[in-house]
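This report concerns only the one structure given below.
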Amino acid sequence: MGRVTTTTSDLWHHYGRTRAGHDRVVPDTFHWTWSQDCGPGPEALGDLTGRVVGDLGAGAARHAAYLAHRYEPARVIAVDASPAQHEMATDLFGHLAPRLRIVPSDVVDHLHTMADAYDVLYSVFGAVDFTDPQQLLPAASAALRPGGRLVFSTLAHYLNGAPAQTDVVSASIPAKTPDGEVTTMCRWVLQEHVWTKILDEAGFTEISTTKLPAAGDGPRTADTLLVTAIRRMV
C-alpha cells in the first residue's frame, strides 16, 4: 500500500498471504465495493485501450492483473510501498510483464517522477485510504495527462459504523508488524464534500461521488464511496 505514519517498515507484511497460498490465478472479476462481490466494475475507468494505467497501493496486484490480462492497455503499473506485497505480486503475476509492471515504491514518490505520464489512475481501498490526500492528490494530478481520469473507492464510513470525517483528518487503526507486534497506521475516511473540496484544490474537475451500499449485514460490512475526477485541461 502507500506511505503510512509509523516507524515500522512494512505493516502490510501479512496482508493477503493466506489467499496467495491457494489462489494464484488472474481474477475473473473487478469490483470497487468493500465486499468485492457486487456493484460496478472496470467500466468506471473508461476506455483503457492503449492507455497507461496506474494502480495506487496495488497490494498483490490482483486488480492490475485483471486489467492487464483482459483489456488492451499500453501498460498497467502496479505501485506499492510494501516489500512483502511487491514480492507477492511479482510471484503471482510477474508473468504478465511487460504489459503489467510491478513497482516497489512509495506512491507519492513514484507519482512525482511521472509527470504527465498516466492516462488513468485508480485505487481500490489502496493508497488513497492510507496516504495523506493533501500530498497524494496533487501528485496524482501532476502525474496524469490533462484530461486524465482518477477513480478510487474508499470507505463511506468507519467500519464500526461511525460517520466519515468532516475535515481532512486521519484516524489510527490497528496494524501488525512483520513479527506480529501490534501497532497502528493512519487511514483517511472522509465525507463526500471533503473529497470534492480537496480534489478541486488539487487540480481536478468533473468530480462525482457515488455511495454504494453494503451487500449484506455484519460487523465488518461497510458502504463504499466511489469517486471519479478528471485532471483539468491546461
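Just so we're on the same page: first chain in the C-alpha cells is A, next is B, and so on; residues restart at 1 for each chain, and ligands are numbered from 1 in the order they show up.
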
10 Å contact set for A:Gly46, only C-alpha atoms, chain neighbours under 5 positions out, as a CSV table (one decimal) with N, CA and C atoms, in the first residue's frame:
```
chain,number,residue,atom,x,y,z
A,120,VAL,N,-4.8,7.1,-16.8
A,120,VAL,CA,-5.8,6.7,-15.8
A,120,VAL,C,-5.0,6.3,-14.5
A,149,ARG,N,-8.0,10.6,-16.0
A,149,ARG,CA,-9.0,10.2,-15.0
A,149,ARG,C,-8.4,9.6,-13.8
A,151,VAL,N,-9.9,7.5,-10.4
A,151,VAL,CA,-11.0,6.8,-9.8
A,151,VAL,C,-10.6,6.1,-8.6
```

What parts of stretch 14-92 of chain A does DSSP call alpha helix (DSSP H)? I'd like the answer as a compact mmCIF listing (two decimals) with N, CA and C atoms, in the first residue's frame.
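Result file is result.txt:
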```
# COMPACT_ATOMS: atom_id res chain seq x y z
N ARG A 17 -1.57 -12.93 2.49
CA ARG A 17 -0.64 -14.05 2.38
C ARG A 17 -1.36 -15.40 2.34
N THR A 18 -2.39 -15.55 3.14
CA THR A 18 -3.14 -16.81 3.14
C THR A 18 -3.79 -17.06 1.79
N ARG A 19 -4.41 -16.03 1.24
CA ARG A 19 -5.06 -16.20 -0.07
C ARG A 19 -4.05 -16.54 -1.15
N ALA A 20 -2.90 -15.91 -1.11
CA ALA A 20 -1.89 -16.15 -2.15
C ALA A 20 -1.41 -17.60 -2.16
N ARG A 62 -3.90 -7.82 -7.82
CA ARG A 62 -4.96 -8.61 -8.45
C ARG A 62 -5.80 -7.76 -9.40
N HIS A 63 -6.16 -6.54 -8.99
CA HIS A 63 -6.93 -5.68 -9.89
C HIS A 63 -6.10 -5.29 -11.11
N ALA A 64 -4.84 -4.99 -10.89
CA ALA A 64 -3.97 -4.62 -12.01
C ALA A 64 -3.79 -5.79 -12.97
N ALA A 65 -3.65 -6.99 -12.44
CA ALA A 65 -3.51 -8.17 -13.29
C ALA A 65 -4.75 -8.39 -14.13
N TYR A 66 -5.92 -8.19 -13.53
CA TYR A 66 -7.18 -8.31 -14.27
C TYR A 66 -7.18 -7.38 -15.48
N LEU A 67 -6.82 -6.12 -15.26
CA LEU A 67 -6.85 -5.15 -16.36
C LEU A 67 -5.81 -5.47 -17.42
N ALA A 68 -4.61 -5.84 -17.01
CA ALA A 68 -3.54 -6.15 -17.96
C ALA A 68 -3.88 -7.37 -18.80
N HIS A 69 -4.56 -8.35 -18.18
CA HIS A 69 -4.86 -9.62 -18.86
C HIS A 69 -6.08 -9.52 -19.76
N ARG A 70 -7.10 -8.77 -19.34
CA ARG A 70 -8.39 -8.82 -20.02
C ARG A 70 -8.67 -7.62 -20.91
N PRO A 83 7.41 -4.07 0.74
CA PRO A 83 8.26 -5.10 0.14
C PRO A 83 7.56 -6.46 0.05
N ALA A 84 6.79 -6.80 1.08
CA ALA A 84 6.10 -8.09 1.07
C ALA A 84 5.04 -8.15 -0.02
N GLN A 85 4.30 -7.06 -0.20
CA GLN A 85 3.28 -7.04 -1.24
C GLN A 85 3.90 -7.06 -2.63
N HIS A 86 5.03 -6.36 -2.80
CA HIS A 86 5.72 -6.38 -4.09
C HIS A 86 6.20 -7.78 -4.41
N GLU A 87 6.78 -8.46 -3.44
CA GLU A 87 7.25 -9.83 -3.66
C GLU A 87 6.09 -10.76 -4.02
N MET A 88 4.97 -10.60 -3.32
CA MET A 88 3.82 -11.44 -3.58
C MET A 88 3.26 -11.17 -4.98
N ALA A 89 3.11 -9.90 -5.33
CA ALA A 89 2.58 -9.55 -6.64
C ALA A 89 3.48 -10.07 -7.76
N THR A 90 4.77 -9.95 -7.58
CA THR A 90 5.71 -10.42 -8.60
C THR A 90 5.62 -11.93 -8.76
N ASP A 91 5.51 -12.64 -7.64
CA ASP A 91 5.38 -14.09 -7.68
C ASP A 91 4.08 -14.52 -8.37
N LEU A 92 3.00 -13.82 -8.08
CA LEU A 92 1.70 -14.20 -8.63
C LEU A 92 1.54 -13.81 -10.10
```

Inset, instruction - Give the strand (DSSP E or B) residues of stretch 6-229 of chain A, as assigned by DSSP on the backbone, as an MDAnalysis selection string. - result: chainID A and resid 52:56 75:80 100:104 118:124 144:155 157 163 165 171:176 182:187 190 204:212 224:229

Inset, instruction - Might you pull out every residue within 12 Å of stretch 27-38 of chain A, with only C-alpha atoms counted and same-chain residues fewer than 2 positions away left off, and present them as a PyMOL selection string? - result: chain A and resi 23-25+40-45+60-71+92-93+122-126+151-159+210-218+220-228

Inset, instruction - Quick one: pull the distance between atom CA of A:Ala81 and atom CA of A:Leu137, Å, one decimal. - result: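 The value is 17.0 Å.
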
Inset, instruction - Would you list the contacts of stretch 172-174 of chain A as a list of chain:residue names, taking every protein, DNA or RNA residue within 7 Å and counting only C-alpha atoms, but skipping same-chain residues closer than 4 positions in sequence? - result: A:Thr183, A:Thr184, A:Met185, A:Cys186, A:Arg187

Could you write those residues out with C-alpha atoms, as a PDB file, in the first residue's frame?
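out21.pdb, freshly written:
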```
ATOM      1  CA  THR A 183       0.838  -1.065  16.196  1.00  0.00           C
ATOM      2  CA  THR A 184      -1.249   1.471  14.286  1.00  0.00           C
ATOM      3  CA  MET A 185      -1.392   3.200  10.930  1.00  0.00           C
ATOM      4  CA  CYS A 186      -3.341   6.166   9.589  1.00  0.00           C
ATOM      5  CA  ARG A 187      -6.470   5.849   7.478  1.00  0.00           C
TER       6      ARG A 187
END
```

Inset, instruction - Provide the atom CA of A:His193 to atom CA of A:Val169 distance in Å, to one decimal place. - result: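 Going from atom CA of A:His193 over to atom CA of A:Val169, I get 13.7 Å.
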
Legend entry - 8 Å contact set for stretch 201-206 of chain A, only C-alpha atoms, chain neighbours under 4 positions out, as a list of chain:residue names: A:Gln134, A:Leu137, A:Pro138, A:Ser141, A:Lys197, A:Thr228, A:Ala229, A:Ile230, A:Arg231, A:Arg232

Write the residues of the preceding selection, restricted to N, CA and C atoms, as a PDB file, in the first residue's frame.
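Produced file selection08.pdb, reproduced below:
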```
ATOM      1  N   GLN A 134      -3.689  15.339   0.999  1.00  0.00           N
ATOM      2  CA  GLN A 134      -3.149  16.632   0.624  1.00  0.00           C
ATOM      3  C   GLN A 134      -1.748  16.518   0.029  1.00  0.00           C
ATOM      4  N   LEU A 137      -3.109  13.640  -3.673  1.00  0.00           N
ATOM      5  CA  LEU A 137      -3.956  14.118  -4.768  1.00  0.00           C
ATOM      6  C   LEU A 137      -3.248  15.120  -5.689  1.00  0.00           C
ATOM      7  N   PRO A 138      -2.491  16.089  -5.163  1.00  0.00           N
ATOM      8  CA  PRO A 138      -1.734  16.948  -6.084  1.00  0.00           C
ATOM      9  C   PRO A 138      -0.705  16.161  -6.905  1.00  0.00           C
ATOM     10  N   SER A 141      -2.599  14.383  -9.640  1.00  0.00           N
ATOM     11  CA  SER A 141      -2.985  15.334 -10.675  1.00  0.00           C
ATOM     12  C   SER A 141      -1.814  15.631 -11.611  1.00  0.00           C
ATOM     13  N   LYS A 197     -13.870  18.811  -2.215  1.00  0.00           N
ATOM     14  CA  LYS A 197     -13.116  20.050  -1.984  1.00  0.00           C
ATOM     15  C   LYS A 197     -11.626  19.849  -2.232  1.00  0.00           C
ATOM     16  N   THR A 228     -14.878   9.696  -8.794  1.00  0.00           N
ATOM     17  CA  THR A 228     -14.263   9.870 -10.111  1.00  0.00           C
ATOM     18  C   THR A 228     -13.968  11.346 -10.336  1.00  0.00           C
ATOM     19  N   ALA A 229     -12.809  11.636 -10.894  1.00  0.00           N
ATOM     20  CA  ALA A 229     -12.434  13.019 -11.168  1.00  0.00           C
ATOM     21  C   ALA A 229     -11.529  13.070 -12.395  1.00  0.00           C
ATOM     22  N   ILE A 230     -11.534  14.221 -13.057  1.00  0.00           N
ATOM     23  CA  ILE A 230     -10.736  14.427 -14.277  1.00  0.00           C
ATOM     24  C   ILE A 230      -9.735  15.543 -14.019  1.00  0.00           C
ATOM     25  N   ARG A 231      -8.474  15.315 -14.443  1.00  0.00           N
ATOM     26  CA  ARG A 231      -7.498  16.400 -14.320  1.00  0.00           C
ATOM     27  C   ARG A 231      -7.876  17.522 -15.264  1.00  0.00           C
ATOM     28  N   ARG A 232      -7.838  18.735 -14.730  1.00  0.00           N
ATOM     29  CA  ARG A 232      -8.194  19.899 -15.539  1.00  0.00           C
ATOM     30  C   ARG A 232      -7.271  20.016 -16.756  1.00  0.00           C
TER      31      ARG A 232
END
```

Inset, instruction - Grab the atom CA of A:Val53 to atom CA of A:Asp119 distance for me, in Å with one decimal place. - result: 6.1 Å

Identify, on the basis of only C-alpha atoms, every residue whose closest approach to A:Gln165 does not exceed 9 Å; exclude the query and any residue fewer than 3 positions from it along the same chain; express the result as a PDB file with C-alpha atoms, in the first residue's frame.
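Wrote result-v3.pdb, looks like this:
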```
ATOM      1  CA  HIS A 157     -17.944   5.467   6.948  1.00  0.00           C
ATOM      2  CA  VAL A 168      -9.114  16.226   6.291  1.00  0.00           C
ATOM      3  CA  VAL A 169      -8.072  14.294   9.366  1.00  0.00           C
ATOM      4  CA  SER A 170      -7.000  10.687   9.768  1.00  0.00           C
ATOM      5  CA  TRP A 188      -8.430   8.707   5.902  1.00  0.00           C
ATOM      6  CA  VAL A 189     -12.218   8.211   5.928  1.00  0.00           C
ATOM      7  CA  LEU A 190     -13.768  11.441   4.657  1.00  0.00           C
ATOM      8  CA  GLN A 191     -17.226  12.660   3.758  1.00  0.00           C
ATOM      9  CA  VAL A 194     -14.470  16.845   1.801  1.00  0.00           C
TER      10      VAL A 194
END
```

Inset, instruction - Return the single residue from A:Glu192, A:Leu96, A:Met233, A:Val76 that is closest to A:Asp116, with distances computed using only C-alpha atoms. - result: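 Between A:Glu192, A:Leu96, A:Met233, A:Val76, the residue approaching A:Asp116 most closely is A:Met233.
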
Legend entry - Pick from A:Ala115, A:Ala97, A:Val108, A:Ile77 nearest to A:Pro146, counting only C-alpha atoms: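 Residue with the minimum atom-to-atom distance to A:Pro146: A:Ala115.
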
Legend entry - Near-stretch 109-113 of chain A list (10 Å; only C-alpha atoms; drop same-chain fewer than 6 positions) as an NGL selection string: :A and (2-3 or 54 or 56 or 79-81 or 103 or 136-144)
